[in-house]
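See structure below.
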Amino acid sequence: MQPNRRTFETRGPVDPLRNYFVPRTVEIADLVQRMKAGRYIVIFAPRQTGKTTFFRWALDFLTAEDPTYFPIQLNFATFSRASVSVFYTQLKRRMIKEIKREWGRRGAAIEVELEQFLSHYPMTDHYSFQQLMEELAAHLEGRRVAIIIDEFDGIPQAALSDFLMTLREIYLERDPSRCPYSLGIVGVKSITQLNYDRSISPFNIQDEFFLPNFTLDQVRDLFSQYTLEVGQAIAAEVIESLCEQTAGQPFLVNRMAQLLTEEMDIKKTLTITMAHFDLAHQQILHERNANISHLVRNVRKDRRFESILMGMLSYERGVPFNLDNEIISELASYGVVKAGLNGLCEIANPIYQYRIVRAFQPLINGLERQYLPEDTRAGFFDYLTPDGTINMRELLKNFRSFIARVGYRILSVPETPQEFVGQSLLFGYLDTFVRLVGGFMYLEVRTGRGRMDLIILHKGEKYIVETKIWEGESLYGAGKRQLAEYLKLEGVNEGYYVVFDHRQNPQAREEEEVIDGKAIVSFTIPVVQHRPSNGTKSPLNPPF
């Protein structure tokens, strides 16, 4: 690494002097305008999306434009287990510290009278907090206090409703000298998601502000800073692919940038190409980092999450994006799902989609020894051609035969809802194969829903396997046409379509057809619904 050059940051607030950064100029101007209007604002976004950096920059911008604004930055992260009295005592201590810091930033010392007042004022509840705010306004006459509270979710539950009610009362005074004049509440959850007594509506005056992910243009600008400073070129398709796979999620963007520009040790005289991107992509799909650890921990919190998330990937009908639903609201607050087409849920980005599927995969499904037929010669290497490429047709035919061989035993696969057992087994089967032959598999998210696209890269070739659940003849045919469109976009001539049929009387199929010049090889695989009675032939024994 060159000395004194900036870096991409994933571990905390971004400093433009030390880090490459996305200015977020438009978003900051929007927030500052609301603060000047005296709004009480709720800024919510999932963790590690740059909220702390963003509001600090917004306060700096506000005071640079108008020094009469007096910012106070607070953080409730460590308050969750405090009693109400301890919460207010510690809140006062932190306010004094921040007020002194702001005076110092302005090159002055806090007024003696104000410091003495703050130090001796007893603040133990919401009544005394409101009184303190009134007194502070008098001491700071001519200045408008703008308070930002980071990690607001950490407020003690017992203090929440009264604290919000007090802020609401201050806001409704409509006095230009009120304190705080403007307020920003920053957290993962919106106010409506916090667990307060909703019968009293303590905070129905907030102005909600959602901090979006980076756009493609912002990601381009981020990397252009690096290229200008270091001189290393980055292929345009690398930046576009990075943005597609991360959907602009700030942590993931910067983590991929760290891999490409720092950890992979690519010579600075070389252009960063798609070959480099594929290696970085493979690493982020399998490494543990703070963001992925949060993701995995959150999706495992509730056993209901698996069915909801897998349903988004498996059914064309989708799952409505309804924030009034507790499950959807919680998944959205974690940054796992977002609103997609026609008001339906989508998983936030392809990297998360892959990690979610892996998180729900059983470590051992108990059927691994049945993956291959008894007459196998070289194990999974049987499915490589003489020139070393993948014989995907035969590989998928063997998977179909594997499902027939195991029969009703798929019902005993651990930790997997029966509804999605076929897709889970296909993912595990292909993942095992790809690792053994030295390939790389990832998931792709395309426009639309109800499908999981498995992309395999091996020796410069790309193989696309689309998998979904049977939902009727019309949607079955539409899926083939959509796959053909995707093959054209990717410049691939042949694609594979695997549909799992869960009906009581499933129909096994193997079909091949050419659609818009692209070969589509389709397998419809029946899935056992229950353990058959003695003498009953399993519907998984297809007539092939």
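To be explicit about the labels: the chains of the structure tokens are called A, B, and onward in the order shown, and within each one the residues are counted from 1, while ligands get numbers from 1 in the order they are shown.
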
query = Which residues come within 8 Å of stretch 41-51 of chain A, counting only C-alpha atoms, excluding same-chain residues fewer than 4 positions away, as a VMD selection string?
reply = chain A and resid 13 34 to 35 55 182 to 191 206 to 213 249 to 251 291 333 to 335

| message | DSSP on the backbone: which residues in stretch 363-451 of chain A end up as strand (DSSP E or B)? Give the answer as a list in words. | response |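 DSSP-assigned strand (DSSP E or B) residues in stretch 363-451 of chain A: Leu384, Ile390, Phe440, Met441, Tyr442, Leu443 and Glu444 of chain A.
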
Would you export the selected residues with C-alpha atoms as an mmCIF file, in the first residue's frame, please?
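Result written to again.cif:
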```cif
data_model
loop_
_atom_site.group_PDB
_atom_site.id
_atom_site.type_symbol
_atom_site.label_atom_id
_atom_site.label_comp_id
_atom_site.auth_asym_id
_atom_site.auth_seq_id
_atom_site.Cartn_x
_atom_site.Cartn_y
_atom_site.Cartn_z
ATOM 1 C CA LEU A 384 -16.614 -32.956 -17.099
ATOM 2 C CA ILE A 390 -18.943 -28.983 -17.595
ATOM 3 C CA PHE A 440 -17.355 -20.621 -8.680
ATOM 4 C CA MET A 441 -21.114 -20.365 -8.120
ATOM 5 C CA TYR A 442 -23.159 -17.318 -7.221
ATOM 6 C CA LEU A 443 -26.770 -16.143 -7.416
ATOM 7 C CA GLU A 444 -28.167 -13.534 -9.742
#
```

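Compared by their closest atoms to A:Arg106, and using only C-alpha atoms, the residues A:Val514, A:Leu118, A:Pro67, A:Arg143 rank with A:Pro67 nearest.
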
#### Entry: Residue set, stretch 238-361 of chain A restricted to helix (DSSP H, G or I), as an NGL selection string
:A and (238-246 or 250-263 or 274-286 or 290-299 or 304-314 or 326-333 or 341-343 or 350-360)

Using only C-alpha atoms, find the one residue out of A:Val527, A:Ala109, A:Ile96, A:Ala158 that sits nearest to A:Val421.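 Among A:Val527, A:Ala109, A:Ile96, A:Ala158, it is A:Val527 that comes nearest to A:Val421.
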
Next on the checklist: Give me the residues near stretch 358-370 of chain A as a PyMOL selection string, where near means some atom within 10 Å (using only C-alpha atoms) and where sequence neighbours in that chain fewer than 4 positions away do not count.
Outcome noted: chain A and resi 285-286+295-297+299-300+306+310+352-354+374+399+401-403+405-406+409-410+412-417+421+424-425+427-429+431-432

Saved selection, atoms kept: N, CA, C and O atoms, as a compact mmCIF listing (two decimals), in the first residue's frame:
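Dumped everything to again17.txt:
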```
# COMPACT_ATOMS: atom_id res chain seq x y z
N LEU A 285 -18.46 -13.69 -1.04
CA LEU A 285 -19.57 -14.63 -0.90
C LEU A 285 -19.30 -15.69 0.17
O LEU A 285 -20.23 -16.37 0.62
N HIS A 286 -18.05 -15.82 0.60
CA HIS A 286 -17.72 -16.88 1.55
C HIS A 286 -17.05 -16.38 2.82
O HIS A 286 -16.95 -17.13 3.79
N LEU A 295 -26.19 -9.87 9.07
CA LEU A 295 -27.22 -10.43 8.19
C LEU A 295 -27.62 -11.83 8.64
O LEU A 295 -28.80 -12.12 8.82
N VAL A 296 -26.64 -12.69 8.80
CA VAL A 296 -26.93 -14.09 9.15
C VAL A 296 -27.60 -14.18 10.51
O VAL A 296 -28.58 -14.92 10.70
N ARG A 297 -27.09 -13.41 11.47
CA ARG A 297 -27.70 -13.43 12.80
C ARG A 297 -29.16 -12.96 12.74
O ARG A 297 -30.04 -13.53 13.40
N VAL A 299 -31.35 -13.00 10.12
CA VAL A 299 -32.30 -13.88 9.42
C VAL A 299 -32.55 -15.17 10.20
O VAL A 299 -33.54 -15.86 9.93
N ARG A 300 -31.69 -15.47 11.15
CA ARG A 300 -31.89 -16.66 11.98
C ARG A 300 -32.66 -16.37 13.26
O ARG A 300 -32.94 -17.28 14.03
N GLU A 306 -37.31 -17.93 7.33
CA GLU A 306 -36.86 -18.79 6.23
C GLU A 306 -37.96 -18.99 5.20
O GLU A 306 -37.72 -18.86 3.99
N MET A 310 -37.46 -17.60 1.44
CA MET A 310 -37.40 -18.58 0.37
C MET A 310 -38.63 -18.46 -0.55
O MET A 310 -38.54 -18.70 -1.75
N TYR A 352 -26.50 -10.74 -0.56
CA TYR A 352 -27.33 -11.16 0.57
C TYR A 352 -28.13 -12.40 0.20
O TYR A 352 -28.32 -13.30 1.04
N GLN A 353 -28.63 -12.45 -1.02
CA GLN A 353 -29.44 -13.60 -1.43
C GLN A 353 -28.63 -14.89 -1.31
O GLN A 353 -29.12 -15.89 -0.77
N TYR A 354 -27.41 -14.85 -1.80
CA TYR A 354 -26.55 -16.03 -1.73
C TYR A 354 -26.28 -16.41 -0.28
O TYR A 354 -26.37 -17.60 0.10
N GLU A 374 -24.22 -45.68 -8.33
CA GLU A 374 -23.27 -46.71 -7.88
C GLU A 374 -22.20 -47.00 -8.93
O GLU A 374 -21.10 -47.43 -8.58
N PHE A 399 -28.83 -35.22 -11.15
CA PHE A 399 -29.54 -34.67 -10.00
C PHE A 399 -30.98 -35.17 -9.99
O PHE A 399 -31.50 -35.56 -8.94
N SER A 401 -32.04 -37.93 -11.20
CA SER A 401 -31.98 -39.34 -10.79
C SER A 401 -31.70 -39.46 -9.30
O SER A 401 -32.22 -40.38 -8.64
N PHE A 402 -30.89 -38.57 -8.78
CA PHE A 402 -30.62 -38.55 -7.34
C PHE A 402 -31.92 -38.36 -6.55
O PHE A 402 -32.17 -39.07 -5.57
N ILE A 403 -32.74 -37.40 -6.97
CA ILE A 403 -34.01 -37.17 -6.28
C ILE A 403 -34.88 -38.44 -6.34
O ILE A 403 -35.54 -38.81 -5.36
N ARG A 405 -33.70 -41.51 -6.59
CA ARG A 405 -33.05 -42.54 -5.77
C ARG A 405 -33.41 -42.38 -4.29
O ARG A 405 -33.64 -43.35 -3.58
N VAL A 406 -33.44 -41.14 -3.82
CA VAL A 406 -33.65 -40.94 -2.38
C VAL A 406 -35.13 -40.99 -2.02
O VAL A 406 -35.49 -41.24 -0.86
N ARG A 409 -37.06 -39.99 1.34
CA ARG A 409 -36.07 -39.57 2.33
C ARG A 409 -35.77 -38.07 2.28
O ARG A 409 -35.19 -37.51 3.21
N ILE A 410 -36.16 -37.40 1.18
CA ILE A 410 -35.96 -35.95 1.16
C ILE A 410 -36.80 -35.26 2.25
O ILE A 410 -36.50 -34.14 2.65
N SER A 412 -36.83 -35.98 5.23
CA SER A 412 -36.09 -35.97 6.49
C SER A 412 -34.88 -35.04 6.46
O SER A 412 -34.10 -35.03 7.41
N VAL A 413 -34.73 -34.25 5.38
CA VAL A 413 -33.61 -33.30 5.34
C VAL A 413 -33.79 -32.31 6.48
O VAL A 413 -34.84 -31.68 6.62
N PRO A 414 -32.79 -32.16 7.34
CA PRO A 414 -32.96 -31.33 8.55
C PRO A 414 -33.04 -29.84 8.24
O PRO A 414 -32.47 -29.35 7.26
N GLU A 415 -33.78 -29.13 9.09
CA GLU A 415 -33.82 -27.67 9.10
C GLU A 415 -34.24 -27.07 7.77
O GLU A 415 -33.85 -25.95 7.43
N THR A 416 -35.04 -27.80 6.98
CA THR A 416 -35.43 -27.31 5.67
C THR A 416 -36.93 -27.51 5.49
O THR A 416 -37.42 -28.63 5.55
N PRO A 417 -37.69 -26.43 5.28
CA PRO A 417 -39.11 -26.60 5.01
C PRO A 417 -39.33 -27.47 3.78
O PRO A 417 -38.64 -27.33 2.77
N VAL A 421 -37.41 -27.93 -0.22
CA VAL A 421 -36.36 -28.93 -0.09
C VAL A 421 -35.68 -29.21 -1.43
O VAL A 421 -34.47 -29.45 -1.49
N SER A 424 -33.18 -26.47 -2.11
CA SER A 424 -32.08 -26.58 -1.15
C SER A 424 -31.12 -27.70 -1.56
O SER A 424 -29.90 -27.54 -1.52
N LEU A 425 -31.68 -28.84 -1.98
CA LEU A 425 -30.83 -29.95 -2.40
C LEU A 425 -30.08 -29.62 -3.68
O LEU A 425 -28.90 -30.00 -3.83
N PHE A 427 -29.09 -26.65 -4.68
CA PHE A 427 -28.03 -25.71 -4.31
C PHE A 427 -26.86 -26.47 -3.69
O PHE A 427 -25.70 -26.26 -4.05
N GLY A 428 -27.16 -27.37 -2.75
CA GLY A 428 -26.09 -28.14 -2.10
C GLY A 428 -25.37 -29.06 -3.07
O GLY A 428 -24.13 -29.20 -3.00
N TYR A 429 -26.11 -29.67 -3.97
CA TYR A 429 -25.54 -30.58 -4.97
C TYR A 429 -24.58 -29.83 -5.89
O TYR A 429 -23.43 -30.25 -6.10
N ASP A 431 -23.26 -26.86 -5.41
CA ASP A 431 -22.17 -26.25 -4.64
C ASP A 431 -21.05 -27.27 -4.41
O ASP A 431 -19.86 -26.95 -4.54
N THR A 432 -21.42 -28.51 -4.07
CA THR A 432 -20.42 -29.56 -3.88
C THR A 432 -19.64 -29.81 -5.17
O THR A 432 -18.41 -29.90 -5.17
```

For this session: Compile the contact shell of stretch 450-462 of chain A as a ChimeraX atom specification: residues with an atom at most 9 Å away, counting only C-alpha atoms, same-chain residues fewer than 6 positions apart removed.
Result: /A:278,311-318,388-390,423,427,430,434,437-444,468-469,479,490,492

Could you pull the residues within 8 Å of A:Tyr383, counting only C-alpha atoms, minus those fewer than 5 positions along the same chain, as a tab-separated table (two decimals) with all heavy atoms, in the first residue's frame?
```
chain	number	residue	atom	x	y	z
A	390	ILE	N	-17.87	-28.31	-18.35
A	390	ILE	CA	-18.94	-28.98	-17.60
A	390	ILE	C	-20.00	-29.52	-18.56
A	390	ILE	O	-20.48	-28.80	-19.43
A	390	ILE	CB	-19.60	-28.02	-16.59
A	390	ILE	CG1	-18.58	-27.53	-15.55
A	390	ILE	CG2	-20.77	-28.69	-15.89
A	390	ILE	CD1	-19.11	-26.47	-14.63
A	391	ASN	N	-20.35	-30.78	-18.38
A	391	ASN	CA	-21.47	-31.36	-19.11
A	391	ASN	C	-22.72	-31.13	-18.26
A	391	ASN	O	-23.15	-32.01	-17.50
A	391	ASN	CB	-21.24	-32.85	-19.35
A	391	ASN	CG	-22.26	-33.44	-20.28
A	391	ASN	OD1	-23.38	-32.95	-20.40
A	391	ASN	ND2	-21.89	-34.54	-20.96
A	392	MET	N	-23.29	-29.94	-18.38
A	392	MET	CA	-24.37	-29.54	-17.49
A	392	MET	C	-25.62	-30.38	-17.68
A	392	MET	O	-26.34	-30.67	-16.71
A	392	MET	CB	-24.68	-28.06	-17.70
A	392	MET	CG	-25.68	-27.49	-16.70
A	392	MET	SD	-25.13	-27.61	-14.98
A	392	MET	CE	-23.82	-26.39	-14.99
A	394	GLU	N	-25.85	-33.60	-18.39
A	394	GLU	CA	-25.71	-34.86	-17.66
A	394	GLU	C	-25.65	-34.62	-16.16
A	394	GLU	O	-26.14	-35.45	-15.37
A	394	GLU	CB	-24.45	-35.60	-18.14
A	394	GLU	CG	-24.54	-36.12	-19.56
A	394	GLU	CD	-25.73	-37.05	-19.77
A	394	GLU	OE1	-25.95	-37.92	-18.89
A	394	GLU	OE2	-26.44	-36.91	-20.78
A	395	LEU	N	-25.06	-33.51	-15.76
A	395	LEU	CA	-25.00	-33.19	-14.33
A	395	LEU	C	-26.40	-33.03	-13.75
A	395	LEU	O	-26.71	-33.52	-12.66
A	395	LEU	CB	-24.18	-31.92	-14.12
A	395	LEU	CG	-23.97	-31.46	-12.67
A	395	LEU	CD1	-23.13	-32.48	-11.89
A	395	LEU	CD2	-23.30	-30.09	-12.63
```

Fill in: Interatomic distance (Å, one decimal) between atom CA of A:Asp265 and atom CA of A:Phe277
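Atom-to-atom, atom CA of A:Asp265 to atom CA of A:Phe277, that is 12.9 Å.
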
Which polymer residues have any atom within 12 Å of an atom of A:Val499, counting only C-alpha atoms, with same-chain residues fewer than 4 positions away left out, as a PyMOL selection string? chain A and resi 314-315+396+400+420+422-423+426+450-453+465-473+475-477+479-480+503+506-511+521-527

(request) List the neighbours of A:Leu411 out to 8 Å using only C-alpha atoms; skip same-chain residues closer than 3 positions along the sequence, and give me the result as a PyMOL selection string. (result) chain A and resi 408+418+421+528-531

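Compared by their closest atoms to A:Thr53, and using only C-alpha atoms, the residues A:Tyr226, A:Phe129, A:Phe21, A:Trp103 rank with A:Phe21 nearest.
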